[in-house]
>>> print(open('data-v2.tsv').read())   # TSV, N, CA and C atoms
chain	number	residue	atom	x	y	z
A	288	GLN	N	-4.86	16.12	-5.82
A	288	GLN	CA	-3.88	16.61	-4.87
A	288	GLN	C	-2.66	15.69	-4.88
A	289	VAL	N	-1.51	16.26	-5.21
A	289	VAL	CA	-0.29	15.47	-5.24
A	289	VAL	C	0.13	15.13	-3.82
A	290	GLN	N	0.55	13.90	-3.62
A	290	GLN	CA	1.05	13.47	-2.32
A	290	GLN	C	2.49	12.99	-2.47
A	291	LEU	N	3.19	13.01	-1.34
A	291	LEU	CA	4.54	12.47	-1.30
A	291	LEU	C	4.48	11.06	-0.73
A	292	VAL	N	5.10	10.13	-1.43
A	292	VAL	CA	5.05	8.73	-1.04
A	292	VAL	C	6.43	8.31	-0.53
A	293	GLU	N	6.47	7.93	0.73
A	293	GLU	CA	7.73	7.53	1.35
A	293	GLU	C	7.83	6.01	1.42
A	294	SER	N	9.06	5.53	1.43
A	294	SER	CA	9.30	4.11	1.62
A	294	SER	C	10.68	3.93	2.25
A	295	GLY	N	10.90	2.73	2.80
A	295	GLY	CA	12.22	2.39	3.31
A	295	GLY	C	12.34	2.34	4.82
A	296	GLY	N	11.30	2.71	5.54
A	296	GLY	CA	11.37	2.62	7.00
A	296	GLY	C	11.31	1.19	7.48
A	297	GLY	N	11.50	1.01	8.79
A	297	GLY	CA	11.43	-0.33	9.35
A	297	GLY	C	12.15	-0.43	10.67
A	298	LEU	N	12.38	-1.67	11.07
A	298	LEU	CA	13.05	-1.97	12.33
A	298	LEU	C	14.49	-2.37	12.03
A	299	VAL	N	15.42	-1.77	12.75
A	299	VAL	CA	16.84	-2.07	12.54
A	299	VAL	C	17.55	-2.05	13.89
A	300	GLN	N	18.60	-2.83	14.00
A	300	GLN	CA	19.38	-2.85	15.23
A	300	GLN	C	20.31	-1.64	15.30
A	301	PRO	N	20.69	-1.25	16.50
A	301	PRO	CA	21.67	-0.15	16.62
A	301	PRO	C	22.92	-0.46	15.80
A	302	GLY	N	23.41	0.58	15.11
A	302	GLY	CA	24.55	0.41	14.23
A	302	GLY	C	24.18	0.04	12.81
A	303	GLY	N	22.92	-0.27	12.59
A	303	GLY	CA	22.49	-0.66	11.26
A	303	GLY	C	22.19	0.52	10.35
A	304	SER	N	21.70	0.20	9.16
A	304	SER	CA	21.45	1.24	8.14
A	304	SER	C	20.06	1.06	7.54
A	305	LEU	N	19.51	2.17	7.10
A	305	LEU	CA	18.29	2.19	6.33
A	305	LEU	C	18.39	3.29	5.28
A	306	ARG	N	17.65	3.14	4.21
A	306	ARG	CA	17.59	4.18	3.18
A	306	ARG	C	16.13	4.53	2.92
A	307	LEU	N	15.80	5.77	3.17
A	307	LEU	CA	14.45	6.26	2.92
A	307	LEU	C	14.38	6.88	1.53
A	308	SER	N	13.23	6.71	0.89
A	308	SER	CA	12.98	7.32	-0.42
A	308	SER	C	11.65	8.04	-0.38
A	309	CYS	N	11.54	9.08	-1.20
A	309	CYS	CA	10.30	9.86	-1.26
A	309	CYS	C	10.10	10.34	-2.69
A	310	VAL	N	8.93	10.05	-3.24
A	310	VAL	CA	8.62	10.46	-4.61
A	310	VAL	C	7.20	11.00	-4.65
A	311	PRO	N	6.95	12.07	-5.38
A	311	PRO	CA	5.58	12.59	-5.49
A	311	PRO	C	4.70	11.65	-6.31
A	312	SER	N	3.41	11.63	-5.97
A	312	SER	CA	2.46	10.79	-6.70
A	312	SER	C	2.09	11.40	-8.05
A	313	GLY	N	2.41	12.68	-8.25
A	313	GLY	CA	2.15	13.36	-9.50
A	313	GLY	C	3.22	14.41	-9.74
A	314	ASN	N	2.92	15.30	-10.65
A	314	ASN	CA	3.91	16.34	-10.98
A	314	ASN	C	3.90	17.48	-9.97
A	315	ILE	N	5.07	17.86	-9.53
A	315	ILE	CA	5.27	19.07	-8.74
A	315	ILE	C	6.29	19.91	-9.51
A	316	PHE	N	5.88	21.12	-9.84
A	316	PHE	CA	6.73	21.95	-10.68
A	316	PHE	C	7.59	22.90	-9.86
A	317	ARG	N	8.78	23.09	-10.35
A	317	ARG	CA	9.71	24.07	-9.77
A	317	ARG	C	9.99	23.78	-8.30
A	318	ILE	N	10.43	22.56	-8.03
A	318	ILE	CA	10.82	22.20	-6.67
A	318	ILE	C	12.10	22.93	-6.30
A	319	ASN	N	12.14	23.47	-5.11
A	319	ASN	CA	13.35	24.12	-4.61
A	319	ASN	C	14.00	23.23	-3.55
A	320	VAL	N	13.35	23.13	-2.41
A	320	VAL	CA	13.93	22.38	-1.29
A	320	VAL	C	13.22	21.05	-1.12
A	321	MET	N	14.02	20.01	-0.90
A	321	MET	CA	13.49	18.69	-0.53
A	321	MET	C	14.16	18.28	0.77
A	322	GLY	N	13.45	17.54	1.59
A	322	GLY	CA	14.08	17.19	2.85
A	322	GLY	C	13.30	16.20	3.67
A	323	TRP	N	13.83	16.00	4.88
A	323	TRP	CA	13.23	15.06	5.82
A	323	TRP	C	13.14	15.69	7.20
A	324	TYR	N	12.01	15.48	7.83
A	324	TYR	CA	11.79	15.82	9.22
A	324	TYR	C	11.47	14.53	9.97
A	325	ARG	N	11.53	14.58	11.28
A	325	ARG	CA	11.13	13.43	12.08
A	325	ARG	C	10.44	13.88	13.35
A	326	GLN	N	9.63	12.98	13.87
A	326	GLN	CA	8.92	13.25	15.12
A	326	GLN	C	8.94	12.00	15.98
A	327	ALA	N	9.57	12.11	17.13
A	327	ALA	CA	9.61	11.01	18.10
A	327	ALA	C	8.42	11.16	19.05
A	328	PRO	N	8.02	10.08	19.69
A	328	PRO	CA	6.88	10.15	20.62
A	328	PRO	C	7.10	11.21	21.71
A	329	GLY	N	6.12	12.07	21.89
A	329	GLY	CA	6.20	13.09	22.92
A	329	GLY	C	7.08	14.27	22.59
A	330	LYS	N	7.60	14.31	21.37
A	330	LYS	CA	8.50	15.41	20.99
A	330	LYS	C	7.95	16.15	19.78
A	331	GLN	N	8.47	17.35	19.56
A	331	GLN	CA	8.07	18.13	18.40
A	331	GLN	C	8.77	17.61	17.14
A	332	ARG	N	8.13	17.89	16.02
A	332	ARG	CA	8.75	17.53	14.75
A	332	ARG	C	10.01	18.37	14.56
A	333	GLU	N	11.09	17.72	14.13
A	333	GLU	CA	12.35	18.44	13.93
A	333	GLU	C	12.92	18.16	12.54
A	334	LEU	N	13.64	19.15	12.05
A	334	LEU	CA	14.32	19.00	10.77
A	334	LEU	C	15.46	18.01	10.91
A	335	VAL	N	15.58	17.10	9.96
A	335	VAL	CA	16.70	16.16	9.93
A	335	VAL	C	17.73	16.61	8.90
A	336	ALA	N	17.26	16.82	7.67
A	336	ALA	CA	18.17	17.21	6.59
A	336	ALA	C	17.36	17.81	5.45
A	337	THR	N	17.97	18.78	4.77
A	337	THR	CA	17.36	19.33	3.55
A	337	THR	C	18.43	19.48	2.48
A	338	ILE	N	17.96	19.52	1.24
A	338	ILE	CA	18.84	19.77	0.11
A	338	ILE	C	18.09	20.66	-0.87
A	339	ASN	N	18.74	21.73	-1.33
A	339	ASN	CA	18.04	22.63	-2.24
A	339	ASN	C	18.41	22.32	-3.69
A	340	SER	N	17.85	23.09	-4.59
A	340	SER	CA	18.04	22.82	-6.01
A	340	SER	C	19.50	23.00	-6.43
A	341	GLY	N	20.27	23.73	-5.65
A	341	GLY	CA	21.69	23.91	-5.94
A	341	GLY	C	22.57	22.84	-5.33
A	342	GLY	N	21.96	21.91	-4.61
A	342	GLY	CA	22.72	20.82	-4.00
A	342	GLY	C	23.26	21.13	-2.62
A	343	ASN	N	22.89	22.28	-2.07
A	343	ASN	CA	23.35	22.64	-0.72
A	343	ASN	C	22.57	21.85	0.32
A	344	ARG	N	23.27	21.30	1.28
A	344	ARG	CA	22.67	20.43	2.28
A	344	ARG	C	22.75	21.04	3.67
A	345	ILE	N	21.73	20.78	4.45
A	345	ILE	CA	21.70	21.15	5.85
A	345	ILE	C	21.33	19.92	6.66
A	346	TYR	N	22.05	19.70	7.76
A	346	TYR	CA	21.78	18.56	8.64
A	346	TYR	C	21.64	19.06	10.07
A	347	VAL	N	20.76	18.40	10.82
A	347	VAL	CA	20.74	18.63	12.25
A	347	VAL	C	22.01	18.03	12.84
A	348	ASP	N	22.55	18.65	13.87
A	348	ASP	CA	23.86	18.24	14.40
A	348	ASP	C	23.89	16.75	14.78
A	349	SER	N	22.79	16.24	15.29
A	349	SER	CA	22.78	14.88	15.81
A	349	SER	C	22.96	13.81	14.74
A	350	VAL	N	22.80	14.16	13.47
A	350	VAL	CA	22.93	13.16	12.40
A	350	VAL	C	24.13	13.41	11.50
A	351	LYS	N	24.84	14.48	11.72
A	351	LYS	CA	26.00	14.79	10.87
A	351	LYS	C	27.03	13.66	10.94
A	352	GLY	N	27.51	13.27	9.77
A	352	GLY	CA	28.48	12.19	9.69
A	352	GLY	C	27.86	10.81	9.62
A	353	ARG	N	26.55	10.73	9.85
A	353	ARG	CA	25.87	9.42	9.81
A	353	ARG	C	24.81	9.36	8.71
A	354	PHE	N	24.12	10.47	8.48
A	354	PHE	CA	23.06	10.52	7.47
A	354	PHE	C	23.53	11.30	6.25
A	355	THR	N	23.05	10.90	5.08
A	355	THR	CA	23.34	11.62	3.84
A	355	THR	C	22.05	11.81	3.06
A	356	ILE	N	21.77	13.05	2.71
A	356	ILE	CA	20.59	13.34	1.89
A	356	ILE	C	21.04	13.55	0.45
A	357	SER	N	20.23	13.04	-0.48
A	357	SER	CA	20.53	13.23	-1.90
A	357	SER	C	19.20	13.34	-2.66
A	358	ARG	N	19.28	13.79	-3.89
A	358	ARG	CA	18.07	13.92	-4.69
A	358	ARG	C	18.37	13.59	-6.15
A	359	ASP	N	17.33	13.11	-6.82
A	359	ASP	CA	17.38	12.85	-8.25
A	359	ASP	C	16.38	13.80	-8.88
A	360	ASN	N	16.87	14.86	-9.48
A	360	ASN	CA	15.98	15.90	-10.00
A	360	ASN	C	15.13	15.39	-11.17
A	361	ALA	N	15.67	14.46	-11.94
A	361	ALA	CA	14.91	13.92	-13.08
A	361	ALA	C	13.68	13.16	-12.60
A	362	LYS	N	13.78	12.58	-11.42
A	362	LYS	CA	12.67	11.78	-10.88
A	362	LYS	C	11.94	12.51	-9.75
A	363	ASN	N	12.38	13.72	-9.42
A	363	ASN	CA	11.80	14.45	-8.28
A	363	ASN	C	11.80	13.61	-7.01
A	364	THR	N	12.86	12.85	-6.82
A	364	THR	CA	12.96	11.93	-5.69
A	364	THR	C	14.05	12.39	-4.73
A	365	VAL	N	13.77	12.24	-3.45
A	365	VAL	CA	14.76	12.55	-2.43
A	365	VAL	C	15.02	11.31	-1.60
A	366	TYR	N	16.25	11.14	-1.20
A	366	TYR	CA	16.68	9.96	-0.44
A	366	TYR	C	17.33	10.41	0.87
A	367	LEU	N	17.27	9.53	1.85
A	367	LEU	CA	18.00	9.74	3.09
A	367	LEU	C	18.68	8.43	3.45
A	368	GLN	N	19.99	8.40	3.29
A	368	GLN	CA	20.78	7.24	3.69
A	368	GLN	C	21.16	7.42	5.15
A	369	MET	N	20.74	6.47	5.98
A	369	MET	CA	20.97	6.56	7.41
A	369	MET	C	21.88	5.42	7.85
A	370	ASN	N	23.07	5.74	8.31
A	370	ASN	CA	24.04	4.75	8.76
A	370	ASN	C	24.28	4.91	10.26
A	371	ASN	N	24.83	3.86	10.85
A	371	ASN	CA	25.14	3.88	12.28
A	371	ASN	C	23.95	4.39	13.09
A	372	LEU	N	22.81	3.81	12.85
A	372	LEU	CA	21.59	4.26	13.52
A	372	LEU	C	21.65	4.01	15.02
A	373	LYS	N	21.03	4.92	15.75
A	373	LYS	CA	21.01	4.86	17.21
A	373	LYS	C	19.56	4.80	17.69
A	374	PRO	N	19.33	4.28	18.89
A	374	PRO	CA	17.95	4.24	19.40
A	374	PRO	C	17.27	5.61	19.40
A	375	GLU	N	18.03	6.66	19.61
A	375	GLU	CA	17.44	8.01	19.63
A	375	GLU	C	17.03	8.49	18.25
A	376	ASP	N	17.35	7.73	17.20
A	376	ASP	CA	16.87	8.06	15.86
A	376	ASP	C	15.46	7.52	15.62
A	377	THR	N	14.96	6.75	16.55
A	377	THR	CA	13.61	6.20	16.43
A	377	THR	C	12.58	7.33	16.35
A	378	ALA	N	11.79	7.32	15.29
A	378	ALA	CA	10.81	8.37	15.05
A	378	ALA	C	10.02	8.05	13.79
A	379	VAL	N	8.97	8.82	13.57
A	379	VAL	CA	8.32	8.82	12.27
A	379	VAL	C	9.02	9.86	11.41
A	380	TYR	N	9.45	9.46	10.24
A	380	TYR	CA	10.18	10.34	9.34
A	380	TYR	C	9.24	10.82	8.23
A	381	TYR	N	9.23	12.13	8.02
A	381	TYR	CA	8.34	12.76	7.05
A	381	TYR	C	9.14	13.42	5.94
A	382	CYS	N	8.73	13.15	4.72
A	382	CYS	CA	9.31	13.80	3.56
A	382	CYS	C	8.69	15.19	3.40
A	383	TYR	N	9.46	16.11	2.86
A	383	TYR	CA	9.06	17.52	2.76
A	383	TYR	C	9.55	18.08	1.43
A	384	VAL	N	8.67	18.81	0.77
A	384	VAL	CA	9.04	19.48	-0.48
A	384	VAL	C	8.51	20.90	-0.44
A	385	ARG	N	9.34	21.83	-0.86
A	385	ARG	CA	8.91	23.23	-0.99
A	385	ARG	C	9.28	23.72	-2.39
A	386	THR	N	8.31	24.34	-3.05
A	386	THR	CA	8.57	24.85	-4.40
A	386	THR	C	9.10	26.29	-4.34
A	387	VAL	N	9.47	26.82	-5.49
A	387	VAL	CA	10.01	28.19	-5.54
A	387	VAL	C	8.95	29.23	-5.20
A	388	ILE	N	7.67	28.85	-5.29
A	388	ILE	CA	6.61	29.79	-4.90
A	388	ILE	C	6.07	29.45	-3.52
A	389	ALA	N	6.86	28.68	-2.77
A	389	ALA	CA	6.59	28.38	-1.36
A	389	ALA	C	5.39	27.47	-1.14
A	390	SER	N	4.98	26.72	-2.15
A	390	SER	CA	4.02	25.64	-1.91
A	390	SER	C	4.73	24.52	-1.17
A	391	ILE	N	4.07	23.95	-0.16
A	391	ILE	CA	4.68	22.94	0.69
A	391	ILE	C	3.89	21.65	0.64
A	392	TYR	N	4.61	20.56	0.56
A	392	TYR	CA	4.02	19.23	0.53
A	392	TYR	C	4.67	18.38	1.62
A	393	TRP	N	3.86	17.53	2.23
A	393	TRP	CA	4.35	16.59	3.26
A	393	TRP	C	3.96	15.17	2.88
A	394	GLY	N	4.83	14.24	3.26
A	394	GLY	CA	4.49	12.84	3.14
A	394	GLY	C	3.67	12.37	4.33
A	395	GLN	N	3.21	11.13	4.27
A	395	GLN	CA	2.36	10.59	5.32
A	395	GLN	C	3.17	10.07	6.50
A	396	GLY	N	4.47	9.93	6.31
A	396	GLY	CA	5.35	9.47	7.37
A	396	GLY	C	5.68	7.99	7.25
A	397	THR	N	6.91	7.66	7.61
A	397	THR	CA	7.33	6.26	7.65
A	397	THR	C	8.07	6.02	8.97
A	398	GLN	N	7.73	4.92	9.62
A	398	GLN	CA	8.29	4.64	10.95
A	398	GLN	C	9.69	4.05	10.83
A	399	VAL	N	10.60	4.61	11.61
A	399	VAL	CA	11.95	4.06	11.76
A	399	VAL	C	12.13	3.72	13.23
A	400	THR	N	12.42	2.46	13.50
A	400	THR	CA	12.62	2.00	14.88
A	400	THR	C	14.00	1.37	14.98
A	401	VAL	N	14.78	1.87	15.91
A	401	VAL	CA	16.13	1.35	16.14
A	401	VAL	C	16.15	0.70	17.51
A	402	SER	N	16.26	-0.61	17.52
A	402	SER	CA	16.16	-1.35	18.77
A	402	SER	C	16.82	-2.71	18.63
A	403	SER	N	17.41	-3.17	19.73
A	403	SER	CA	17.99	-4.51	19.73
A	403	SER	C	16.97	-5.53	20.25
>>> encode(input="data-v2.tsv", output="C-alpha coordinates")
Amino acid sequence: QVQLVESGGGLVQPGGSLRLSCVPSGNIFRINVMGWYRQAPGKQRELVATINSGGNRIYVDSVKGRFTISRDNAKNTVYLQMNNLKPEDTAVYYCYVRTVIASIYWGQGTQVTVSS
(Lines of atoms letter the chains of each structure in order from A and count residues from 1; the text may use other names and numbers.)
(Lines give C-alpha, C1' and ligand atoms only; values in the text may rest on other atoms or scores of the structure.)
Protein backbone atom coordinates (compact mmCIF):
# COMPACT_ATOMS: atom_id res chain seq x y z
CA GLN A 1 0.00 0.00 0.00
CA VAL A 2 1.52 3.29 -1.11
CA GLN A 3 1.62 5.97 1.55
CA LEU A 4 2.21 9.69 1.39
CA VAL A 5 5.16 10.86 3.47
CA GLU A 6 5.04 14.42 4.75
CA SER A 7 7.83 16.50 6.20
CA GLY A 8 8.57 20.09 7.17
CA GLY A 9 6.18 20.74 10.04
CA GLY A 10 7.24 22.20 13.35
CA LEU A 11 7.04 25.11 15.75
CA VAL A 12 7.40 28.63 14.39
CA GLN A 13 6.76 32.12 15.71
CA PRO A 14 4.01 34.30 14.24
CA GLY A 15 5.23 35.87 11.02
CA GLY A 16 7.58 33.00 10.35
CA SER A 17 7.71 30.53 7.47
CA LEU A 18 7.64 26.79 6.94
CA ARG A 19 7.76 24.60 3.85
CA LEU A 20 5.88 21.32 3.81
CA SER A 21 6.77 18.51 1.42
CA CYS A 22 4.92 15.34 0.50
CA VAL A 23 6.17 12.40 -1.54
CA PRO A 24 4.62 8.96 -2.11
CA SER A 25 6.45 5.95 -0.68
CA GLY A 26 5.93 4.14 -4.01
CA ASN A 27 4.54 4.67 -7.46
CA ILE A 28 1.18 6.35 -7.94
CA PHE A 29 0.10 6.44 -11.55
CA ARG A 30 -1.83 9.15 -13.32
CA ILE A 31 -1.97 11.68 -10.50
CA ASN A 32 -4.45 14.47 -11.14
CA VAL A 33 -4.87 16.59 -8.03
CA MET A 34 -2.35 17.08 -5.23
CA GLY A 35 -3.01 19.20 -2.21
CA TRP A 36 -3.06 19.94 1.47
CA TYR A 37 -5.78 19.86 4.09
CA ARG A 38 -5.54 20.79 7.75
CA GLN A 39 -7.37 20.02 10.95
CA ALA A 40 -7.18 22.17 14.05
CA PRO A 41 -8.21 20.84 17.48
CA GLY A 42 -11.99 20.66 17.76
CA LYS A 43 -12.52 21.60 14.13
CA GLN A 44 -13.30 19.75 10.93
CA ARG A 45 -10.65 19.02 8.35
CA GLU A 46 -10.55 21.80 5.78
CA LEU A 47 -8.98 22.25 2.37
CA VAL A 48 -5.94 24.53 2.37
CA ALA A 49 -4.74 24.37 -1.22
CA THR A 50 -4.80 22.10 -4.25
CA ILE A 51 -3.03 22.00 -7.59
CA ASN A 52 -4.10 19.89 -10.54
CA SER A 53 -2.09 18.37 -13.36
CA GLY A 54 -2.64 21.53 -15.42
CA GLY A 55 -1.13 23.72 -12.73
CA ASN A 56 -4.41 25.29 -11.66
CA ARG A 57 -4.41 26.21 -7.99
CA ILE A 58 -7.15 26.64 -5.42
CA TYR A 59 -6.63 28.23 -2.00
CA VAL A 60 -8.86 28.70 0.99
CA ASP A 61 -9.44 32.43 1.46
CA SER A 62 -7.63 32.56 4.80
CA VAL A 63 -4.27 31.62 3.25
CA LYS A 64 -4.39 33.54 -0.03
CA GLY A 65 -1.34 35.73 -0.45
CA ARG A 66 0.56 33.86 2.26
CA PHE A 67 0.72 30.22 1.13
CA THR A 68 1.93 28.86 -2.20
CA ILE A 69 1.36 25.33 -3.44
CA SER A 70 3.61 23.79 -6.07
CA ARG A 71 4.39 20.35 -7.45
CA ASP A 72 7.23 18.50 -9.12
CA ASN A 73 5.61 16.05 -11.50
CA ALA A 74 8.86 14.19 -12.16
CA LYS A 75 9.11 13.38 -8.46
CA ASN A 76 5.36 13.18 -7.73
CA THR A 77 6.04 15.66 -4.94
CA VAL A 78 3.86 18.48 -3.69
CA TYR A 79 5.03 21.41 -1.60
CA LEU A 80 3.33 24.04 0.51
CA GLN A 81 5.31 27.20 1.19
CA MET A 82 3.75 28.95 4.16
CA ASN A 83 4.77 32.55 4.88
CA ASN A 84 3.58 35.08 7.44
CA LEU A 85 2.19 32.29 9.58
CA LYS A 86 -0.47 33.12 12.14
CA PRO A 87 -1.54 31.33 15.33
CA GLU A 88 -4.79 30.35 13.60
CA ASP A 89 -2.74 28.33 11.09
CA THR A 90 -1.89 25.91 13.89
CA ALA A 91 -3.16 22.48 12.85
CA VAL A 92 -2.19 19.06 11.63
CA TYR A 93 -1.56 19.33 7.90
CA TYR A 94 -2.41 16.38 5.67
CA CYS A 95 -1.15 15.71 2.17
CA TYR A 96 -3.74 14.57 -0.38
CA VAL A 97 -3.49 12.95 -3.79
CA ARG A 98 -6.26 12.03 -6.21
CA THR A 99 -5.66 10.12 -9.42
CA VAL A 100 -7.57 10.43 -12.71
CA ILE A 101 -9.59 7.35 -11.73
CA ALA A 102 -10.48 8.95 -8.39
CA SER A 103 -8.21 6.86 -6.19
CA ILE A 104 -7.43 8.92 -3.08
CA TYR A 105 -4.39 8.85 -0.85
CA TRP A 106 -3.78 10.65 2.45
CA GLY A 107 -0.63 11.34 4.40
CA GLN A 108 -0.29 10.64 8.11
CA GLY A 109 -0.23 14.34 8.97
CA THR A 110 2.42 16.75 10.15
CA GLN A 111 1.96 19.18 13.03
CA VAL A 112 2.35 22.91 12.42
CA THR A 113 2.31 25.08 15.54
CA VAL A 114 2.48 28.86 15.35
CA SER A 115 3.17 30.36 18.74
CA SER A 116 5.39 32.90 20.44
>>> atom_distance(input="data-v2.tsv", atom1="atom C of Gln300 of chain A", atom2="atom CA of Thr400 of chain A")
8.5 Å
>>> residues_around(input="data-v2.tsv", residues="Ser340 of chain A", least_positions_apart="3", cutoff="7 Å", atoms="all atoms listed in the file", output="MDAnalysis selection string")
chainID A and resid 318:321 343
>>> closest_residue(input="data-v2.tsv", among="A:Leu334, A:Ile356, A:Ile345, A:Leu367", to="Leu305 of chain A", atoms="all atoms listed in the file")
A:Leu367
>>> residues_around(input="data-v2.tsv", residues="Pro374 of chain A", least_positions_apart="6", cutoff="10 Å", atoms="only C-alpha atoms", output="NGL selection string")
:A and (299-302 or 399-403)
>>> write_last_selection(input="data-v2.tsv", atoms="N, CA and C atoms", output="mmCIF file, in the frame of the given file")
data_model
loop_
_atom_site.group_PDB
_atom_site.id
_atom_site.type_symbol
_atom_site.label_atom_id
_atom_site.label_comp_id
_atom_site.auth_asym_id
_atom_site.auth_seq_id
_atom_site.Cartn_x
_atom_site.Cartn_y
_atom_site.Cartn_z
ATOM 1 N N VAL A 299 15.420 -1.770 12.750
ATOM 2 C CA VAL A 299 16.840 -2.070 12.540
ATOM 3 C C VAL A 299 17.550 -2.050 13.890
ATOM 4 N N GLN A 300 18.600 -2.830 14.000
ATOM 5 C CA GLN A 300 19.380 -2.850 15.230
ATOM 6 C C GLN A 300 20.310 -1.640 15.300
ATOM 7 N N PRO A 301 20.690 -1.250 16.500
ATOM 8 C CA PRO A 301 21.670 -0.150 16.620
ATOM 9 C C PRO A 301 22.920 -0.460 15.800
ATOM 10 N N GLY A 302 23.410 0.580 15.110
ATOM 11 C CA GLY A 302 24.550 0.410 14.230
ATOM 12 C C GLY A 302 24.180 0.040 12.810
ATOM 13 N N VAL A 399 10.600 4.610 11.610
ATOM 14 C CA VAL A 399 11.950 4.060 11.760
ATOM 15 C C VAL A 399 12.130 3.720 13.230
ATOM 16 N N THR A 400 12.420 2.460 13.500
ATOM 17 C CA THR A 400 12.620 2.000 14.880
ATOM 18 C C THR A 400 14.000 1.370 14.980
ATOM 19 N N VAL A 401 14.780 1.870 15.910
ATOM 20 C CA VAL A 401 16.130 1.350 16.140
ATOM 21 C C VAL A 401 16.150 0.700 17.510
ATOM 22 N N SER A 402 16.260 -0.610 17.520
ATOM 23 C CA SER A 402 16.160 -1.350 18.770
ATOM 24 C C SER A 402 16.820 -2.710 18.630
ATOM 25 N N SER A 403 17.410 -3.170 19.730
ATOM 26 C CA SER A 403 17.990 -4.510 19.730
ATOM 27 C C SER A 403 16.970 -5.530 20.250
#
>>> closest_residue(input="data-v2.tsv", among="A:Ser294, A:Thr355, A:Gln288, A:Asn363", to="Thr397 of chain A", atoms="all atoms listed in the file")
A:Ser294
>>> closest_residue(input="data-v2.tsv", among="A:Val350, A:Leu307, A:Ile388, A:Ala361", to="Glu293 of chain A", atoms="all atoms listed in the file")
A:Leu307
>>> closest_residue(input="data-v2.tsv", among="A:Thr386, A:Gly396, A:Val292, A:Glu333", to="Cys309 of chain A", atoms="all atoms listed in the file")
A:Val292
>>> atom_distance(input="data-v2.tsv", atom1="atom C of Tyr381 of chain A", atom2="atom C of Gly394 of chain A")
5.8 Å
>>> select_by_dssp(input="data-v2.tsv", residues="chain A", states="strand (DSSP E)", output="VMD selection string")
chain A and resid 291 to 294 297 to 299 305 to 311 318 to 326 333 to 338 344 to 346 354 to 359 364 to 369 378 to 386 391 to 393 397 to 401
>>> residues_around(input="data-v2.tsv", residues="Leu291 of chain A", least_positions_apart="3", cutoff="6 Å", atoms="all atoms listed in the file", output="list in words")
Cys309, Val310, Pro311, Ser312, Trp393, Gly394 and Gln395 of chain A
>>> closest_residue(input="data-v2.tsv", among="A:Val387, A:Leu372, A:Ala327, A:Ile338", to="Phe354 of chain A", atoms="only C-alpha atoms")
A:Leu372
>>> atom_distance(input="data-v2.tsv", atom1="atom CA of Lys330 of chain A", atom2="atom C of Tyr380 of chain A")
13.6 Å
>>> residues_around(input="data-v2.tsv", residues="Arg353 of chain A", least_positions_apart="2", cutoff="7 Å", atoms="all atoms listed in the file", output="list in words")
Ser349, Val350, Lys351, Thr355, Gln368, Met369, Asn370 and Asn371 of chain A
>>> write_last_selection(input="data-v2.tsv", atoms="N, CA and C atoms", output="mmCIF file, in the frame of the given file")
data_model
loop_
_atom_site.group_PDB
_atom_site.id
_atom_site.type_symbol
_atom_site.label_atom_id
_atom_site.label_comp_id
_atom_site.auth_asym_id
_atom_site.auth_seq_id
_atom_site.Cartn_x
_atom_site.Cartn_y
_atom_site.Cartn_z
ATOM 1 N N SER A 349 22.790 16.240 15.290
ATOM 2 C CA SER A 349 22.780 14.880 15.810
ATOM 3 C C SER A 349 22.960 13.810 14.740
ATOM 4 N N VAL A 350 22.800 14.160 13.470
ATOM 5 C CA VAL A 350 22.930 13.160 12.400
ATOM 6 C C VAL A 350 24.130 13.410 11.500
ATOM 7 N N LYS A 351 24.840 14.480 11.720
ATOM 8 C CA LYS A 351 26.000 14.790 10.870
ATOM 9 C C LYS A 351 27.030 13.660 10.940
ATOM 10 N N THR A 355 23.050 10.900 5.080
ATOM 11 C CA THR A 355 23.340 11.620 3.840
ATOM 12 C C THR A 355 22.050 11.810 3.060
ATOM 13 N N GLN A 368 19.990 8.400 3.290
ATOM 14 C CA GLN A 368 20.780 7.240 3.690
ATOM 15 C C GLN A 368 21.160 7.420 5.150
ATOM 16 N N MET A 369 20.740 6.470 5.980
ATOM 17 C CA MET A 369 20.970 6.560 7.410
ATOM 18 C C MET A 369 21.880 5.420 7.850
ATOM 19 N N ASN A 370 23.070 5.740 8.310
ATOM 20 C CA ASN A 370 24.040 4.750 8.760
ATOM 21 C C ASN A 370 24.280 4.910 10.260
ATOM 22 N N ASN A 371 24.830 3.860 10.850
ATOM 23 C CA ASN A 371 25.140 3.880 12.280
ATOM 24 C C ASN A 371 23.950 4.390 13.090
#
>>> residues_around(input="data-v2.tsv", residues="Gly329 of chain A", least_positions_apart="3", cutoff="12 Å", atoms="only C-alpha atoms", output="PDB file with N, CA and C atoms, keeping the file's coordinate frame")
ATOM      1  N   ARG A 325      11.530  14.580  11.280  1.00  0.00           N
ATOM      2  CA  ARG A 325      11.130  13.430  12.080  1.00  0.00           C
ATOM      3  C   ARG A 325      10.440  13.880  13.350  1.00  0.00           C
ATOM      4  N   GLN A 326       9.630  12.980  13.870  1.00  0.00           N
ATOM      5  CA  GLN A 326       8.920  13.250  15.120  1.00  0.00           C
ATOM      6  C   GLN A 326       8.940  12.000  15.980  1.00  0.00           C
ATOM      7  N   ARG A 332       8.130  17.890  16.020  1.00  0.00           N
ATOM      8  CA  ARG A 332       8.750  17.530  14.750  1.00  0.00           C
ATOM      9  C   ARG A 332      10.010  18.370  14.560  1.00  0.00           C
ATOM     10  N   ALA A 378      11.790   7.320  15.290  1.00  0.00           N
ATOM     11  CA  ALA A 378      10.810   8.370  15.050  1.00  0.00           C
ATOM     12  C   ALA A 378      10.020   8.050  13.790  1.00  0.00           C
ATOM     13  N   VAL A 379       8.970   8.820  13.570  1.00  0.00           N
ATOM     14  CA  VAL A 379       8.320   8.820  12.270  1.00  0.00           C
ATOM     15  C   VAL A 379       9.020   9.860  11.410  1.00  0.00           C
TER      16      VAL A 379
END
>>> closest_residue(input="data-v2.tsv", among="A:Val289, A:Gly297, A:Tyr324, A:Val384", to="Gln398 of chain A", atoms="only N, CA and C atoms")
A:Gly297
